[in-house]
Every structure is written in structure tokens, then in C-alpha cells.
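Shown below: target-v2.tsv, with TSV, C-alpha atoms and all ligand atoms.
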chain	number	residue	atom	x	y	z
A	1397	MET	CA	0.00	0.00	0.00
A	1398	ILE	CA	1.23	3.48	-0.79
A	1399	ALA	CA	0.51	5.45	2.38
A	1400	GLY	CA	1.46	8.81	0.99
A	1401	LEU	CA	3.73	10.61	-1.41
A	1402	VAL	CA	4.77	14.02	-2.62
A	1403	GLY	CA	3.63	14.75	-6.14
A	1404	THR	CA	5.77	15.42	-9.15
A	1405	GLY	CA	5.05	17.12	-12.48
A	1406	ARG	CA	1.51	18.47	-12.48
A	1407	PHE	CA	1.20	17.55	-8.79
A	1408	GLU	CA	4.44	19.27	-7.82
A	1409	LYS	CA	4.29	20.65	-4.25
A	1410	GLN	CA	1.17	18.64	-3.51
A	1411	MET	CA	0.88	15.98	-0.89
A	1412	ILE	CA	-1.18	12.87	-1.46
A	1413	LEU	CA	-2.15	10.75	1.54
A	1414	SER	CA	-4.34	7.72	1.98
A	1415	LYS	CA	-7.22	8.10	4.47
A	1416	ARG	CA	-5.96	5.02	6.24
A	1417	ALA	CA	-2.54	6.60	6.80
A	1418	ILE	CA	-4.10	9.76	8.22
A	1419	HIS	CA	-6.33	7.81	10.62
A	1420	HIS	CA	-3.45	5.63	11.68
A	1421	ALA	CA	-1.16	8.60	12.25
A	1422	PHE	CA	-3.48	10.33	14.64
A	1423	GLU	CA	-4.74	7.21	16.42
A	1424	ASN	CA	-1.38	5.80	17.37
A	1425	ASN	CA	0.93	8.14	19.21
A	1426	THR	CA	3.68	5.85	20.34
A	1427	ASP	CA	5.08	4.18	17.24
A	1428	LYS	CA	7.38	7.07	16.08
A	1429	HIS	CA	5.64	6.75	12.74
A	1430	ASN	CA	3.51	9.44	11.08
A	1431	THR	CA	3.01	9.44	7.32
A	1432	PRO	CA	1.49	12.97	7.07
A	1433	VAL	CA	4.47	14.40	8.98
A	1434	HIS	CA	6.84	12.37	6.79
A	1435	GLU	CA	5.39	13.66	3.52
A	1436	PHE	CA	5.04	17.22	4.80
A	1437	VAL	CA	8.72	17.25	5.76
A	1438	HIS	CA	9.65	16.16	2.22
A	1439	LEU	CA	7.74	19.22	0.97
A	1440	LEU	CA	9.55	21.53	3.41
A	1441	ASP	CA	12.86	19.96	2.45
A	1442	LYS	CA	12.10	20.60	-1.22
A	1443	LEU	CA	11.50	24.36	-0.70
A	1444	ASP	CA	15.13	25.01	-1.58
A	1445	GLY	CA	14.83	22.95	-4.75
A	1446	GLU	CA	16.24	19.64	-3.52
A	1447	THR	CA	14.87	16.85	-1.33
A	1448	ASP	CA	18.29	16.24	0.14
A	1449	GLY	CA	17.64	16.27	3.89
A	1450	ILE	CA	19.20	19.73	4.18
A	1451	PRO	CA	16.46	22.27	4.85
A	1452	GLU	CA	18.34	25.38	3.79
A	1453	ARG	CA	15.25	27.58	4.09
A	1454	LEU	CA	14.53	26.41	7.65
A	1455	LEU	CA	17.90	26.08	9.27
A	1456	GLU	CA	20.28	29.00	9.84
A	1457	HIS	CA	23.33	28.78	7.62
A	1458	LYS	CA	25.75	28.13	10.50
A	1459	TYR	CA	23.87	24.95	11.40
A	1460	ILE	CA	24.01	23.36	7.96
A	1461	ILE	CA	27.40	21.69	8.39
A	1462	PRO	CA	26.75	20.47	11.97
A	1463	TRP	CA	23.36	19.15	10.84
A	1464	THR	CA	24.91	17.30	7.90
A	1465	LYS	CA	27.51	15.73	10.18
A	1466	LEU	CA	24.93	14.65	12.77
A	1467	MET	CA	22.81	13.24	9.98
A	1468	HIS	CA	25.66	11.19	8.52
A	1469	ASP	CA	26.74	9.84	11.93
A	1470	GLU	CA	23.21	8.76	12.78
A	1471	MET	CA	22.58	7.25	9.34
A	1472	GLU	CA	25.66	5.13	9.89
A	1473	SER	CA	24.31	3.99	13.28
A	1474	ILE	CA	20.97	3.14	11.67
A	1475	ASN	CA	22.67	1.11	8.96
A	1476	ASN	CA	24.75	-0.70	11.60
A	1477	ASN	CA	21.57	-1.53	13.57
A	1478	GLU	CA	22.79	0.64	16.45
A	1479	SER	CA	19.97	3.16	16.44
A	1480	ASP	CA	16.33	3.18	17.58
A	1481	ILE	CA	15.49	5.36	14.56
A	1482	ARG	CA	13.42	3.58	11.92
A	1483	LYS	CA	15.58	1.68	9.45
A	1484	TYR	CA	14.13	3.57	6.48
A	1485	GLY	CA	15.95	6.68	7.76
A	1486	GLY	CA	19.21	5.09	6.66
A	1487	THR	CA	18.11	5.04	2.99
A	1488	ASN	CA	19.27	8.55	2.08
A	1489	GLN	CA	19.45	12.07	3.56
A	1490	GLY	CA	15.95	13.03	2.43
A	1491	GLU	CA	14.41	9.98	4.08
A	1492	PHE	CA	16.52	10.50	7.19
A	1493	PHE	CA	15.16	14.01	7.67
A	1494	ALA	CA	11.56	12.82	7.17
A	1495	VAL	CA	11.94	9.79	9.47
A	1496	VAL	CA	13.60	11.67	12.37
A	1497	SER	CA	10.93	14.37	12.08
A	1498	GLU	CA	8.23	11.72	12.56
A	1499	TYR	CA	10.04	10.54	15.69
A	1500	PHE	CA	10.48	14.18	16.86
A	1501	PHE	CA	6.76	14.95	16.61
A	1502	GLU	CA	5.48	11.55	17.76
A	1503	ARG	CA	7.80	10.88	20.73
A	1504	PRO	CA	9.46	14.21	21.55
A	1505	ASP	CA	10.50	13.30	25.11
A	1506	LEU	CA	12.07	10.03	24.10
A	1507	PHE	CA	13.72	11.64	21.09
A	1508	GLU	CA	15.20	14.42	23.25
A	1509	LYS	CA	16.56	11.85	25.71
A	1510	LYS	CA	18.08	9.53	23.11
A	1511	HIS	CA	19.20	12.09	20.53
A	1512	PRO	CA	19.73	15.44	22.28
A	1513	GLU	CA	21.76	17.02	19.48
A	1514	LEU	CA	19.36	15.98	16.73
A	1515	TYR	CA	16.49	17.16	18.93
A	1516	GLN	CA	18.03	20.65	19.27
A	1517	MET	CA	18.55	20.85	15.51
A	1518	LEU	CA	14.92	19.97	14.81
A	1519	VAL	CA	13.74	22.51	17.41
A	1520	ARG	CA	15.69	25.14	15.46
A	1521	CYS	CA	14.42	23.84	12.18
A	1522	PHE	CA	10.71	23.77	13.06
A	1523	GLN	CA	10.99	26.58	15.64
A	1524	GLN	CA	8.98	24.65	18.16
A	1525	LYS	CA	9.16	22.04	20.88
A	1526	PRO	CA	6.47	19.48	20.22
B	1601	ZN	ZN	9.94	9.48	2.21
Translate this structure into C-alpha cells?
Amino acid sequence: MIAGLVGTGRFEKQMILSKRAIHHAFENNTDKHNTPVHEFVHLLDKLDGETDGIPERLLEHKYIIPWTKLMHDEMESINNNESDIRKYGGTNQGEFFAVVSEYFFERPDLFEKKHPELYQMLVRCFQQKP
């Protein structure tokens, strides 16, 4: 099942979600998984032209390099099965950003405890503490 995706071509900048994914996202608040958040983050990521996990429009310039480094370190942990972040986050930078954002909004306390530096970066990025 395709739970959701960001459109291309004629559907550029549009988000398509299945009803089931939306219901699931807002029913279950402990699984670190939220398809609407995931797809929305891909849209935000793409504001600067690239879905590359580097939200240049959201993050102050001085944080771009530290963010990229944190991202690469954690992706390596995910791919070595040493992280509690969903495996899909190890796929590429764009998916990493979307997957950690799901975790950030779904389980903020746990995320802050386990990944304090990533948590601070996402607070800066989204300008809020969930
Ligand atoms: Zn994705």
C-alpha cells in the first residue's frame, strides 16, 4: 500500500495521503511513525529545490554543516543496527530528515533523551518544541 507521497510534475508541491494513513497517524501516538508528517517534511525539504535532507530555508546557515555531520553519523548507526530510529531513515538524507521528524513529533520526550543534538537541531528547524 502506498501510504502517501509528494507529487511530481503536475502535482508538484502537492501531498497525497491515503485516508488510512491519516487515521493511523493520529490514532497511534507511540510508534514514532507518522506518514502525514513524513510527507510534509519532504515538501519543506524541497522548498530550496532539492529533497536532500538539508532544509536550507529552515535552518540557519551556521547549522548546515553540523546538521549534515549529525545526519551522517546517525545514518551510519541506523545502517549498523545501532539506532532506535526507523531503518528507512538510513536510505538517504531526504528519508533520514523525514523519518527523524516523525520521531520528533510523535515521541518528543524520548527523542530528546536519546538524541539530544538531533532534537536541538529539529527545534531550530521547526521553531517549536512538540
Ligand atoms: Zn519518504
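With CA of Glu1502 (chain A) on one side and CA of Gln1523 (chain A) on the other, the separation reads 16.1 Å.
Distance check against Leu1443 (chain A) using only C-alpha atoms: of A:Pro1526, A:Leu1455, A:Asn1475, A:Gly1405, the minimum falls on A:Leu1455.
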Margin query: Residues contacting ligand ZN 1601 (chain B) - anything with an atom at most 8 Å away, using only C-alpha atoms and all ligand atoms - can you give me those as a PyMOL selection string?
Written below: chain A and resi 1401+1434-1435+1438+1490-1491+1494-1495
Take the residues just selected and output them with C-alpha atoms as an mmCIF file, in the coordinates of the input.
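Now in again_6.cif:
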data_model
loop_
_atom_site.group_PDB
_atom_site.id
_atom_site.type_symbol
_atom_site.label_atom_id
_atom_site.label_comp_id
_atom_site.auth_asym_id
_atom_site.auth_seq_id
_atom_site.Cartn_x
_atom_site.Cartn_y
_atom_site.Cartn_z
ATOM 1 C CA LEU A 1401 3.730 10.610 -1.410
ATOM 2 C CA HIS A 1434 6.840 12.370 6.790
ATOM 3 C CA GLU A 1435 5.390 13.660 3.520
ATOM 4 C CA HIS A 1438 9.650 16.160 2.220
ATOM 5 C CA GLY A 1490 15.950 13.030 2.430
ATOM 6 C CA GLU A 1491 14.410 9.980 4.080
ATOM 7 C CA ALA A 1494 11.560 12.820 7.170
ATOM 8 C CA VAL A 1495 11.940 9.790 9.470
#
Students should find that CA of Glu1508 (chain A) and CA of Gly1445 (chain A) are spaced 29.3 Å
Item to complete: For Val1437 (chain A), work out the shell of residues within 12 Å, counting all atoms listed in the file and skipping chain neighbours fewer than 5 positions away, then give it as a list of chain:residue names.
Response: A:Leu1401, A:Val1402, A:Lys1409, A:Met1411, A:Asn1430, A:Thr1431, A:Pro1432, A:Lys1442, A:Leu1443, A:Thr1447, A:Asp1448, A:Gly1449, A:Ile1450, A:Pro1451, A:Leu1454, A:Gly1490, A:Glu1491, A:Phe1492, A:Phe1493, A:Ala1494, A:Val1495, A:Val1496, A:Ser1497, A:Glu1498, A:Phe1500, A:Phe1501, A:Leu1518, A:Cys1521, A:Phe1522
Could you complete region 1465-1486 of chain A so that it carries N, CA and C atoms, and give it back as a CSV table (one decimal), keeping the file's coordinate frame?
chain,number,residue,atom,x,y,z
A,1465,LYS,N,26.6,16.7,9.5
A,1465,LYS,CA,27.5,15.7,10.2
A,1465,LYS,C,26.7,14.8,11.1
A,1466,LEU,N,25.8,15.4,11.9
A,1466,LEU,CA,24.9,14.6,12.8
A,1466,LEU,C,24.1,13.6,12.0
A,1467,MET,N,23.6,14.1,10.8
A,1467,MET,CA,22.8,13.2,10.0
A,1467,MET,C,23.6,12.0,9.5
A,1468,HIS,N,24.8,12.3,9.0
A,1468,HIS,CA,25.7,11.2,8.5
A,1468,HIS,C,26.0,10.2,9.6
A,1469,ASP,N,26.4,10.7,10.8
A,1469,ASP,CA,26.7,9.8,11.9
A,1469,ASP,C,25.6,8.9,12.3
A,1470,GLU,N,24.4,9.5,12.4
A,1470,GLU,CA,23.2,8.8,12.8
A,1470,GLU,C,22.8,7.8,11.7
A,1471,MET,N,22.9,8.2,10.4
A,1471,MET,CA,22.6,7.2,9.3
A,1471,MET,C,23.5,6.0,9.4
A,1472,GLU,N,24.7,6.2,9.8
A,1472,GLU,CA,25.7,5.1,9.9
A,1472,GLU,C,25.2,4.2,11.0
A,1473,SER,N,24.8,4.8,12.2
A,1473,SER,CA,24.3,4.0,13.3
A,1473,SER,C,23.1,3.2,12.9
A,1474,ILE,N,22.2,3.8,12.1
A,1474,ILE,CA,21.0,3.1,11.7
A,1474,ILE,C,21.4,1.9,10.8
A,1475,ASN,N,22.3,2.2,9.9
A,1475,ASN,CA,22.7,1.1,9.0
A,1475,ASN,C,23.5,0.0,9.6
A,1476,ASN,N,24.0,0.3,10.8
A,1476,ASN,CA,24.8,-0.7,11.6
A,1476,ASN,C,23.9,-1.3,12.7
A,1477,ASN,N,22.5,-1.0,12.6
A,1477,ASN,CA,21.6,-1.5,13.6
A,1477,ASN,C,21.9,-1.1,15.0
A,1478,GLU,N,22.4,0.1,15.1
A,1478,GLU,CA,22.8,0.6,16.4
A,1478,GLU,C,21.9,1.8,16.8
A,1479,SER,N,20.8,2.0,16.2
A,1479,SER,CA,20.0,3.2,16.4
A,1479,SER,C,18.5,2.7,16.6
A,1480,ASP,N,17.8,3.5,17.4
A,1480,ASP,CA,16.3,3.2,17.6
A,1480,ASP,C,15.5,4.0,16.6
A,1481,ILE,N,16.2,4.6,15.6
A,1481,ILE,CA,15.5,5.4,14.6
A,1481,ILE,C,15.1,4.4,13.5
A,1482,ARG,N,13.9,4.5,12.9
A,1482,ARG,CA,13.4,3.6,11.9
A,1482,ARG,C,14.4,3.4,10.8
A,1483,LYS,N,14.6,2.1,10.5
A,1483,LYS,CA,15.6,1.7,9.4
A,1483,LYS,C,15.5,2.5,8.1
A,1484,TYR,N,14.3,2.9,7.7
A,1484,TYR,CA,14.1,3.6,6.5
A,1484,TYR,C,14.9,4.9,6.5
A,1485,GLY,N,15.2,5.4,7.6
A,1485,GLY,CA,16.0,6.7,7.8
A,1485,GLY,C,17.4,6.5,7.3
A,1486,GLY,N,17.9,5.3,7.1
A,1486,GLY,CA,19.2,5.1,6.7
A,1486,GLY,C,19.3,5.1,5.1
